[in-house]
file upload_6.txt (compact mmCIF, C-alpha atoms and all ligand atoms)
# COMPACT_ATOMS: atom_id res chain seq x y z
CA MET A 1 4.25 -14.79 15.84
CA PRO A 2 2.51 -13.83 12.59
CA VAL A 3 0.59 -10.54 12.80
CA THR A 4 -3.14 -11.00 12.25
CA ILE A 5 -6.00 -8.69 11.33
CA ALA A 6 -7.49 -9.24 14.81
CA GLN A 7 -4.17 -8.19 16.32
CA ILE A 8 -3.86 -4.88 14.47
CA GLN A 9 -7.47 -4.17 15.44
CA LYS A 10 -6.57 -4.79 19.08
CA TRP A 11 -3.53 -2.52 18.71
CA LYS A 12 -5.89 0.33 17.84
CA GLN A 13 -7.53 -0.06 21.27
CA GLN A 14 -4.13 -0.41 22.93
CA LYS A 15 -2.78 2.63 21.03
CA LYS A 16 0.13 0.64 19.63
CA THR A 17 1.11 2.29 16.35
CA ILE A 18 1.24 0.01 13.30
CA ALA A 19 4.45 0.22 11.23
CA ALA A 20 3.76 -0.64 7.58
CA LEU A 21 5.83 -0.56 4.38
CA THR A 22 5.42 -1.68 0.78
CA ALA A 23 7.33 -4.50 -0.91
CA SER A 24 7.40 -5.93 -4.40
CA ASP A 25 10.14 -8.57 -4.32
CA TYR A 26 11.43 -11.45 -2.21
CA ALA A 27 14.74 -9.92 -1.06
CA ILE A 28 13.30 -6.67 0.29
CA ALA A 29 10.23 -8.40 1.74
CA LYS A 30 12.47 -10.76 3.71
CA LEU A 31 14.50 -7.83 5.11
CA LEU A 32 11.38 -5.84 6.07
CA ASP A 33 9.85 -8.86 7.74
CA ARG A 34 13.02 -9.67 9.70
CA ALA A 35 13.34 -6.01 10.73
CA GLY A 36 9.93 -6.23 12.38
CA VAL A 37 7.55 -4.40 10.02
CA ASP A 38 3.97 -5.18 11.15
CA LEU A 39 2.20 -4.96 7.81
CA ILE A 40 3.63 -5.35 4.31
CA LEU A 41 1.61 -4.06 1.38
CA VAL A 42 2.23 -5.23 -2.15
CA GLY A 43 1.07 -1.85 -3.39
CA ASP A 44 0.29 -1.03 -6.98
CA SER A 45 2.93 1.71 -6.64
CA LEU A 46 5.20 -1.14 -7.75
CA ALA A 47 4.08 -0.09 -11.23
CA MET A 48 6.33 2.96 -10.83
CA VAL A 49 9.06 1.98 -8.39
CA THR A 50 9.67 -1.57 -9.67
CA LEU A 51 8.34 -1.68 -13.22
CA GLY A 52 9.21 1.89 -14.29
CA TYR A 53 5.74 3.03 -15.42
CA LYS A 54 4.68 6.70 -15.05
CA ASN A 55 1.69 5.91 -12.80
CA THR A 56 -0.13 2.92 -11.30
CA LEU A 57 -2.61 2.43 -14.16
CA PRO A 58 -0.71 -0.02 -16.42
CA VAL A 59 -0.04 -2.69 -13.79
CA THR A 60 -2.15 -5.84 -14.27
CA LEU A 61 -3.69 -8.39 -11.91
CA ASP A 62 -1.17 -10.95 -13.19
CA ASP A 63 1.68 -8.51 -12.37
CA MET A 64 0.32 -8.00 -8.85
CA ILE A 65 -0.04 -11.73 -8.29
CA ARG A 66 3.49 -12.46 -9.53
CA HIS A 67 4.99 -9.81 -7.21
CA ALA A 68 2.77 -10.83 -4.28
CA GLN A 69 3.93 -14.45 -4.67
CA ALA A 70 7.57 -13.32 -4.48
CA VAL A 71 6.88 -11.11 -1.46
CA GLY A 72 4.92 -13.92 0.21
CA ARG A 73 7.96 -16.21 -0.02
CA GLY A 74 9.93 -13.67 2.03
CA VAL A 75 7.34 -12.90 4.70
CA GLU A 76 6.98 -14.96 7.86
CA ASN A 77 5.45 -12.59 10.40
CA ALA A 78 4.12 -9.41 8.83
CA LEU A 79 0.48 -9.14 7.78
CA LEU A 80 0.54 -9.41 3.98
CA ILE A 81 -1.92 -7.23 2.07
CA VAL A 82 -2.15 -6.93 -1.72
CA ASP A 83 -3.59 -4.10 -3.83
CA LEU A 84 -6.19 -4.80 -6.49
CA PRO A 85 -4.91 -2.94 -9.58
CA PHE A 86 -6.78 -0.47 -11.79
CA LEU A 87 -9.69 -1.98 -13.74
CA SER A 88 -9.58 -5.32 -11.95
CA TYR A 89 -12.51 -4.34 -9.68
CA GLN A 90 -14.26 -1.25 -11.09
CA VAL A 91 -16.14 -2.82 -14.03
CA SER A 92 -18.54 -4.99 -12.04
CA PRO A 93 -18.87 -6.54 -8.57
CA GLU A 94 -18.58 -10.00 -10.20
CA GLU A 95 -15.24 -9.11 -11.77
CA ALA A 96 -14.09 -7.60 -8.47
CA LEU A 97 -14.98 -10.84 -6.68
CA ARG A 98 -13.04 -12.88 -9.22
CA SER A 99 -10.00 -10.58 -9.04
CA ALA A 100 -10.00 -10.62 -5.25
CA GLY A 101 -10.46 -14.39 -5.30
CA ARG A 102 -7.42 -14.83 -7.53
CA ILE A 103 -5.28 -12.89 -5.04
CA PHE A 104 -6.39 -15.17 -2.19
CA LYS A 105 -6.11 -18.38 -4.25
CA GLU A 106 -2.72 -17.65 -5.80
CA THR A 107 -0.82 -15.73 -3.09
CA GLU A 108 -0.30 -15.75 0.67
CA ALA A 109 -2.31 -12.51 1.08
CA LYS A 110 -4.35 -12.16 4.25
CA GLY A 111 -6.26 -9.18 2.88
CA ILE A 112 -6.67 -7.01 -0.18
CA LYS A 113 -6.82 -3.24 -0.55
CA LEU A 114 -8.80 -1.28 -3.09
CA GLU A 115 -9.39 2.40 -3.70
CA GLY A 116 -12.54 4.49 -3.37
CA GLY A 117 -15.47 5.06 -1.06
CA TYR A 118 -18.25 6.05 -3.46
CA PRO A 119 -21.51 4.06 -3.18
CA GLU A 120 -20.88 1.55 -6.04
CA MET A 121 -17.46 0.75 -4.60
CA VAL A 122 -18.89 0.36 -1.11
CA SER A 123 -21.38 -2.26 -2.35
CA THR A 124 -18.63 -4.07 -4.28
CA ILE A 125 -16.50 -4.15 -1.11
CA ARG A 126 -19.48 -5.48 0.86
CA LYS A 127 -19.79 -8.38 -1.63
CA ILE A 128 -16.08 -9.23 -1.45
CA ILE A 129 -16.23 -9.24 2.35
CA GLN A 130 -19.41 -11.35 2.33
CA ALA A 131 -17.48 -13.89 0.24
CA GLY A 132 -14.98 -14.21 3.10
CA MET A 133 -12.18 -11.95 1.86
CA PRO A 134 -10.91 -9.21 4.23
CA VAL A 135 -10.71 -5.75 2.63
CA MET A 136 -8.72 -2.65 3.55
CA GLY A 137 -10.28 0.57 2.24
CA HIS A 138 -8.31 3.47 0.74
CA VAL A 139 -9.65 7.04 0.61
CA GLY A 140 -8.27 10.56 0.18
CA LEU A 141 -5.73 10.66 -2.62
CA THR A 142 -6.48 7.58 -4.69
CA PRO A 143 -3.66 7.29 -7.27
CA GLN A 144 -5.71 5.17 -9.69
CA SER A 145 -7.77 8.36 -10.28
CA VAL A 146 -4.67 10.43 -11.08
CA HIS A 147 -6.16 11.76 -14.33
CA GLN A 148 -9.13 13.14 -12.38
CA ILE A 149 -7.57 14.39 -9.16
CA GLY A 150 -3.80 14.49 -9.73
CA TYR A 151 -1.54 13.93 -6.72
CA ARG A 152 -2.87 16.90 -4.72
CA VAL A 153 -3.83 16.86 -1.04
CA GLN A 154 -7.51 15.86 -0.81
CA GLY A 155 -10.18 17.01 1.66
CA LYS A 156 -8.84 20.51 2.28
CA LEU A 157 -12.21 22.27 1.97
CA PRO A 158 -15.04 21.44 4.42
CA LYS A 159 -17.28 19.86 1.73
CA ALA A 160 -14.48 17.60 0.47
CA ALA A 161 -13.47 16.74 4.05
CA ASN A 162 -17.07 15.73 4.87
CA GLU A 163 -17.21 13.56 1.75
CA ILE A 164 -14.08 11.67 2.82
CA LEU A 165 -15.47 11.28 6.35
CA ASP A 166 -18.76 9.93 4.95
CA GLN A 167 -16.84 7.52 2.70
CA ALA A 168 -14.85 6.29 5.71
CA LYS A 169 -18.05 5.62 7.67
CA ALA A 170 -19.70 3.85 4.71
CA LEU A 171 -16.66 1.63 4.23
CA VAL A 172 -16.71 0.72 7.92
CA ASP A 173 -20.42 -0.17 7.60
CA ALA A 174 -19.49 -2.40 4.66
CA GLY A 175 -17.06 -4.29 6.90
CA ILE A 176 -13.50 -3.16 6.06
CA PHE A 177 -10.85 -4.30 8.58
CA ALA A 178 -8.67 -1.18 8.21
CA LEU A 179 -8.60 2.07 6.24
CA LEU A 180 -5.69 3.68 4.42
CA LEU A 181 -5.81 7.49 4.47
CA GLU A 182 -3.62 9.05 1.79
CA ASN A 183 -2.59 12.69 1.55
CA ILE A 184 -5.33 14.36 3.58
CA PRO A 185 -5.00 17.08 6.25
CA THR A 186 -3.83 15.91 9.69
CA ASP A 187 -6.97 17.16 11.47
CA LEU A 188 -9.25 15.24 9.09
CA ALA A 189 -7.21 12.03 9.43
CA THR A 190 -7.20 12.40 13.22
CA LYS A 191 -10.97 12.95 13.27
CA ILE A 192 -11.59 9.85 11.11
CA THR A 193 -9.22 7.82 13.32
CA GLU A 194 -11.14 8.87 16.44
CA LEU A 195 -14.55 8.20 14.88
CA ILE A 196 -14.10 4.80 13.27
CA PRO A 197 -13.56 1.49 15.11
CA VAL A 198 -11.03 0.00 12.67
CA PRO A 199 -7.35 0.99 12.40
CA THR A 200 -6.37 3.83 10.07
CA ILE A 201 -3.02 3.64 8.27
CA GLY A 202 -1.81 7.03 7.08
CA ILE A 203 0.48 8.14 4.29
CA GLY A 204 0.90 11.89 4.18
CA ALA A 205 -2.00 12.16 6.64
CA GLY A 206 -0.21 13.25 9.81
CA LYS A 207 0.54 11.69 13.17
CA GLY A 208 -3.04 11.10 14.31
CA CYS A 209 -3.50 7.77 12.49
CA ASP A 210 -3.30 4.32 14.10
CA GLY A 211 -0.42 3.39 11.82
CA GLN A 212 1.86 4.75 9.13
CA ILE A 213 2.89 3.40 5.75
CA LEU A 214 5.43 4.62 3.20
CA VAL A 215 6.67 3.28 -0.11
CA THR A 216 9.87 1.38 0.75
CA HIS A 217 11.75 2.71 -2.27
CA ASP A 218 11.21 6.25 -0.89
CA VAL A 219 12.38 5.29 2.61
CA LEU A 220 15.50 3.60 1.25
CA GLY A 221 16.37 6.34 -1.23
CA LEU A 222 15.77 4.23 -4.32
CA SER A 223 13.20 6.54 -5.95
CA ASP A 224 14.04 9.31 -8.42
CA TRP A 225 11.23 11.40 -6.94
CA GLN A 226 9.45 11.15 -3.62
CA PRO A 227 6.62 13.05 -1.90
CA SER A 228 7.68 15.69 0.65
CA PHE A 229 6.14 13.70 3.55
CA ALA A 230 8.24 10.59 2.78
CA ARG A 231 11.34 10.57 5.01
CA LYS A 232 14.42 9.07 3.36
CA TYR A 233 16.31 6.97 5.97
CA VAL A 234 19.21 5.99 3.70
CA ASP A 235 20.38 6.98 0.21
CA LEU A 236 20.68 3.57 -1.43
CA GLN A 237 20.97 5.11 -4.91
CA ALA A 238 24.28 6.65 -3.77
CA VAL A 239 25.37 3.52 -1.85
CA ILE A 240 24.67 1.23 -4.82
CA THR A 241 26.23 3.61 -7.35
CA ASP A 242 29.45 3.81 -5.26
CA ALA A 243 29.58 0.03 -4.87
CA VAL A 244 29.01 -0.64 -8.56
CA GLN A 245 31.55 2.01 -9.63
CA GLN A 246 34.07 0.41 -7.27
CA TYR A 247 33.30 -3.00 -8.76
CA CYS A 248 33.76 -1.69 -12.33
CA GLN A 249 37.04 -0.04 -11.37
CA ASP A 250 38.33 -3.26 -9.70
CA ILE A 251 37.46 -5.33 -12.78
CA ARG A 252 39.09 -2.84 -15.15
CA GLU A 253 42.22 -2.67 -13.01
CA ASN A 254 42.33 -6.45 -12.73
CA VAL A 255 42.11 -6.26 -8.90
CA ILE A 256 39.64 -9.17 -8.78
CA ASP A 257 39.25 -12.29 -10.93
O1 LIG B 301 0.47 1.27 -3.75
C1 LIG B 301 0.91 1.82 -2.72
O2 LIG B 301 2.12 1.89 -2.48
C2 LIG B 301 -0.04 2.42 -1.82
C3 LIG B 301 0.49 3.44 -0.86
C4 LIG B 301 -0.56 4.40 -0.52
C5 LIG B 301 1.08 2.83 0.36
O3 LIG B 301 -1.19 2.11 -1.86

call {"tool": "encode", "arguments": {"input": "upload_6.txt", "output": "structure tokens"}}
result
Amino acid sequence: MPVTIAQIQKWKQQKKTIAALTASDYAIAKLLDRAGVDLILVGDSLAMVTLGYKNTLPVTLDDMIRHAQAVGRGVENALLIVDLPFLSYQVSPEEALRSAGRIFKETEAKGIKLEGGYPEMVSTIRKIIQAGMPVMGHVGLTPQSVHQIGYRVQGKLPKAANEILDQAKALVDAGIFALLLENIPTDLATKITELIPVPTIGIGAGKGCDGQILVTHDVLGLSDWQPSFARKYVDLQAVITDAVQQYCQDIRENVID
């Protein structure tokens, strides 16, 4: 049965933890879906792990749509969410509406995610939701602001922690269906999870969240670098390198046609 937004919201009440991962292509999306991942995010981290950029800023709305279409063809059951990329929603609420609308018109997305909880962003999110498009919020470390905040843990000091908590509450008031908490202290993420009625999905935010997400390339050992909180379950760089070296050797030794 396909996972729905209503279902992950019910899971929060039932204390069933949501297992989420990212995907950017058909083959991996199909495997994640068949393995039983609840929520698949076409995250703008694909800028780095799939397209080889240094950060998420260069990826375009067209890029996101192309990758989301491929992922959508591989997903039957997981809840498919797509990131709005940098500068596709910050310039004006009208542009944000159009960008969000393109995701829903051109892909199988059931929701979009965008970064930030400051007042202008909250009112933009409210407009997108009023137009019928479900939105997942994203606070804490917001990688599209890398040149302002780097990749450091956010919300360590009481003032910063309160700001993130206030942003979470404002986003809930605006109508988000779920909230991604990235790289914030465990106690802050747990507090937000207890206080808000919608599911929290954590990445580097400790065990107290309603769900967890990681970048699939980190989990599978396909990244050159990965954050310390990202557990590598298999080293596919080594597996693939061995297989390809074996292939090259077989060809050169004329073992296969
Ligand atoms: O783009 C991404 O991969 C993300 C992560 C925080 C999951 O948004």

call {"tool": "closest_atom_pairs", "arguments": {"input": "upload_6.txt", "of": "chain A", "to": "ligand LIG 301 (chain B)", "cutoff": "8 Å", "atoms": "only C-alpha atoms and all ligand atoms", "output": "JSON lines"}}
result
{"residue": "A:Leu21", "atom": "CA", "partner": "B:LIG301", "partner_atom": "C5", "distance": 7.1}
{"residue": "A:Thr22", "atom": "CA", "partner": "B:LIG301", "partner_atom": "O2", "distance": 5.9}
{"residue": "A:Leu41", "atom": "CA", "partner": "B:LIG301", "partner_atom": "C5", "distance": 7.0}
{"residue": "A:Val42", "atom": "CA", "partner": "B:LIG301", "partner_atom": "O1", "distance": 6.9}
{"residue": "A:Gly43", "atom": "CA", "partner": "B:LIG301", "partner_atom": "O1", "distance": 3.2}
{"residue": "A:Asp44", "atom": "CA", "partner": "B:LIG301", "partner_atom": "O1", "distance": 4.0}
{"residue": "A:Ser45", "atom": "CA", "partner": "B:LIG301", "partner_atom": "O1", "distance": 3.8}
{"residue": "A:Leu46", "atom": "CA", "partner": "B:LIG301", "partner_atom": "O1", "distance": 6.6}
{"residue": "A:Thr56", "atom": "CA", "partner": "B:LIG301", "partner_atom": "O1", "distance": 7.8}
{"residue": "A:Asp83", "atom": "CA", "partner": "B:LIG301", "partner_atom": "O1", "distance": 6.7}
{"residue": "A:Lys113", "atom": "CA", "partner": "B:LIG301", "partner_atom": "O3", "distance": 7.9}
{"residue": "A:His138", "atom": "CA", "partner": "B:LIG301", "partner_atom": "O3", "distance": 7.7}
{"residue": "A:Thr142", "atom": "CA", "partner": "B:LIG301", "partner_atom": "C4", "distance": 7.9}
{"residue": "A:Pro143", "atom": "CA", "partner": "B:LIG301", "partner_atom": "O3", "distance": 7.9}
{"residue": "A:Leu180", "atom": "CA", "partner": "B:LIG301", "partner_atom": "C4", "distance": 7.2}
{"residue": "A:Leu181", "atom": "CA", "partner": "B:LIG301", "partner_atom": "C4", "distance": 7.9}
{"residue": "A:Glu182", "atom": "CA", "partner": "B:LIG301", "partner_atom": "C4", "distance": 6.0}
{"residue": "A:Ile203", "atom": "CA", "partner": "B:LIG301", "partner_atom": "C4", "distance": 6.2}
{"residue": "A:Ile213", "atom": "CA", "partner": "B:LIG301", "partner_atom": "C5", "distance": 5.7}
{"residue": "A:Leu214", "atom": "CA", "partner": "B:LIG301", "partner_atom": "C5", "distance": 5.5}
{"residue": "A:Val215", "atom": "CA", "partner": "B:LIG301", "partner_atom": "O2", "distance": 5.3}

call {"tool": "write_last_selection", "arguments": {"input": "upload_6.txt", "atoms": "C-alpha atoms", "output": "mmCIF file, keeping the file's coordinate frame"}}
result
data_model
loop_
_atom_site.group_PDB
_atom_site.id
_atom_site.type_symbol
_atom_site.label_atom_id
_atom_site.label_comp_id
_atom_site.auth_asym_id
_atom_site.auth_seq_id
_atom_site.Cartn_x
_atom_site.Cartn_y
_atom_site.Cartn_z
ATOM 1 C CA LEU A 21 5.830 -0.560 4.380
ATOM 2 C CA THR A 22 5.420 -1.680 0.780
ATOM 3 C CA LEU A 41 1.610 -4.060 1.380
ATOM 4 C CA VAL A 42 2.230 -5.230 -2.150
ATOM 5 C CA GLY A 43 1.070 -1.850 -3.390
ATOM 6 C CA ASP A 44 0.290 -1.030 -6.980
ATOM 7 C CA SER A 45 2.930 1.710 -6.640
ATOM 8 C CA LEU A 46 5.200 -1.140 -7.750
ATOM 9 C CA THR A 56 -0.130 2.920 -11.300
ATOM 10 C CA ASP A 83 -3.590 -4.100 -3.830
ATOM 11 C CA LYS A 113 -6.820 -3.240 -0.550
ATOM 12 C CA HIS A 138 -8.310 3.470 0.740
ATOM 13 C CA THR A 142 -6.480 7.580 -4.690
ATOM 14 C CA PRO A 143 -3.660 7.290 -7.270
ATOM 15 C CA LEU A 180 -5.690 3.680 4.420
ATOM 16 C CA LEU A 181 -5.810 7.490 4.470
ATOM 17 C CA GLU A 182 -3.620 9.050 1.790
ATOM 18 C CA ILE A 203 0.480 8.140 4.290
ATOM 19 C CA ILE A 213 2.890 3.400 5.750
ATOM 20 C CA LEU A 214 5.430 4.620 3.200
ATOM 21 C CA VAL A 215 6.670 3.280 -0.110
#

call {"tool": "atom_distance", "arguments": {"input": "upload_6.txt", "atom1": "CA of Ser99 in chain A", "atom2": "CA of Val37 in chain A"}}
result
26.6 Å

call {"tool": "residues_around", "arguments": {"input": "upload_6.txt", "residues": "range 147-155 of chain A", "least_positions_apart": "5", "cutoff": "9 Å", "atoms": "all atoms listed in the file", "output": "JSON, numbers by chain"}}
result
{"A": [140, 141, 142, 160, 161, 162, 163, 164, 182, 183, 184, 185, 188, 204]}

call {"tool": "residues_around", "arguments": {"input": "upload_6.txt", "residues": "Ala230 in chain A", "least_positions_apart": "4", "cutoff": "7 Å", "atoms": "all atoms listed in the file", "output": "JSON, numbers by chain"}}
result
{"A": [214, 218, 219, 226]}

call {"tool": "residues_near_point", "arguments": {"input": "upload_6.txt", "point": "(-17.8, -9.5, 11.0)", "cutoff": "10 Å", "atoms": "only C-alpha atoms", "output": "MDAnalysis selection string"}}
result
chainID A and resid 129:130 132 134 174:177

call {"tool": "atom_distance", "arguments": {"input": "upload_6.txt", "atom1": "CA of Asp38 in chain A", "atom2": "CA of Asn77 in chain A"}}
result
7.6 Å

call {"tool": "residues_around", "arguments": {"input": "upload_6.txt", "residues": "Gln14 in chain A", "least_positions_apart": "6", "cutoff": "12 Å", "atoms": "all atoms listed in the file", "output": "ChimeraX atom specification"}}
result
/A:7-8,199,210

call {"tool": "residues_around", "arguments": {"input": "upload_6.txt", "residues": "Arg98 in chain A", "least_positions_apart": "6", "cutoff": "10 Å", "atoms": "only C-alpha atoms", "output": "number ranges by chain"}}
result
A: 88-89, 104, 128

call {"tool": "residues_around", "arguments": {"input": "upload_6.txt", "residues": "Gly211 in chain A", "least_positions_apart": "3", "cutoff": "8 Å", "atoms": "all atoms listed in the file", "output": "number ranges by chain"}}
result
A: 17-20, 199-202

call {"tool": "write_last_selection", "arguments": {"input": "upload_6.txt", "atoms": "C-alpha atoms", "output": "short mmCIF file (atom, residue, chain, number, x, y, z; two decimals), keeping the file's coordinate frame"}}
result
data_model
loop_
_atom_site.label_atom_id
_atom_site.label_comp_id
_atom_site.auth_asym_id
_atom_site.auth_seq_id
_atom_site.Cartn_x
_atom_site.Cartn_y
_atom_site.Cartn_z
CA THR A 17 1.11 2.29 16.35
CA ILE A 18 1.24 0.01 13.30
CA ALA A 19 4.45 0.22 11.23
CA ALA A 20 3.76 -0.64 7.58
CA PRO A 199 -7.35 0.99 12.40
CA THR A 200 -6.37 3.83 10.07
CA ILE A 201 -3.02 3.64 8.27
CA GLY A 202 -1.81 7.03 7.08
#

call {"tool": "atom_distance", "arguments": {"input": "upload_6.txt", "atom1": "CA of Glu194 in chain A", "atom2": "CA of Lys12 in chain A"}}
result
10.1 Å

call {"tool": "closest_residue", "arguments": {"input": "upload_6.txt", "among": "A:Val198, A:Leu80, A:Ala243, A:Ile256", "to": "Val172 in chain A", "atoms": "all atoms listed in the file"}}
result
A:Val198

call {"tool": "residues_near_point", "arguments": {"input": "upload_6.txt", "point": "(-0.3, -14.2, -3.3)", "cutoff": "12 Å", "atoms": "only C-alpha atoms", "output": "ChimeraX atom specification"}}
result
/A:24-25,41-42,61-75,80-84,99-112

call {"tool": "closest_residue", "arguments": {"input": "upload_6.txt", "among": "A:Val135, A:Gly117, A:Thr124, A:Gly208", "to": "Leu165 in chain A", "atoms": "all atoms listed in the file"}}
result
A:Gly117

call {"tool": "axis_aligned_box", "arguments": {"input": "upload_6.txt", "around": "range 241-251 of chain A", "padding_each_side": "6 Å", "output": "JSON"}}
result
{"center_x": 32.3, "center_y": -0.8, "center_z": -8.8, "size_x": 24.1, "size_y": 21.1, "size_z": 19.9}

call {"tool": "closest_residue", "arguments": {"input": "upload_6.txt", "among": "A:Ala27, A:Met1, A:Ala131, A:Val255", "to": "Glu94 in chain A", "atoms": "all atoms listed in the file"}}
result
A:Ala131

call {"tool": "closest_residue", "arguments": {"input": "upload_6.txt", "among": "A:Leu157, A:Ala78, A:Gln167, A:Leu39", "to": "Pro119 in chain A", "atoms": "only C-alpha atoms"}}
result
A:Gln167
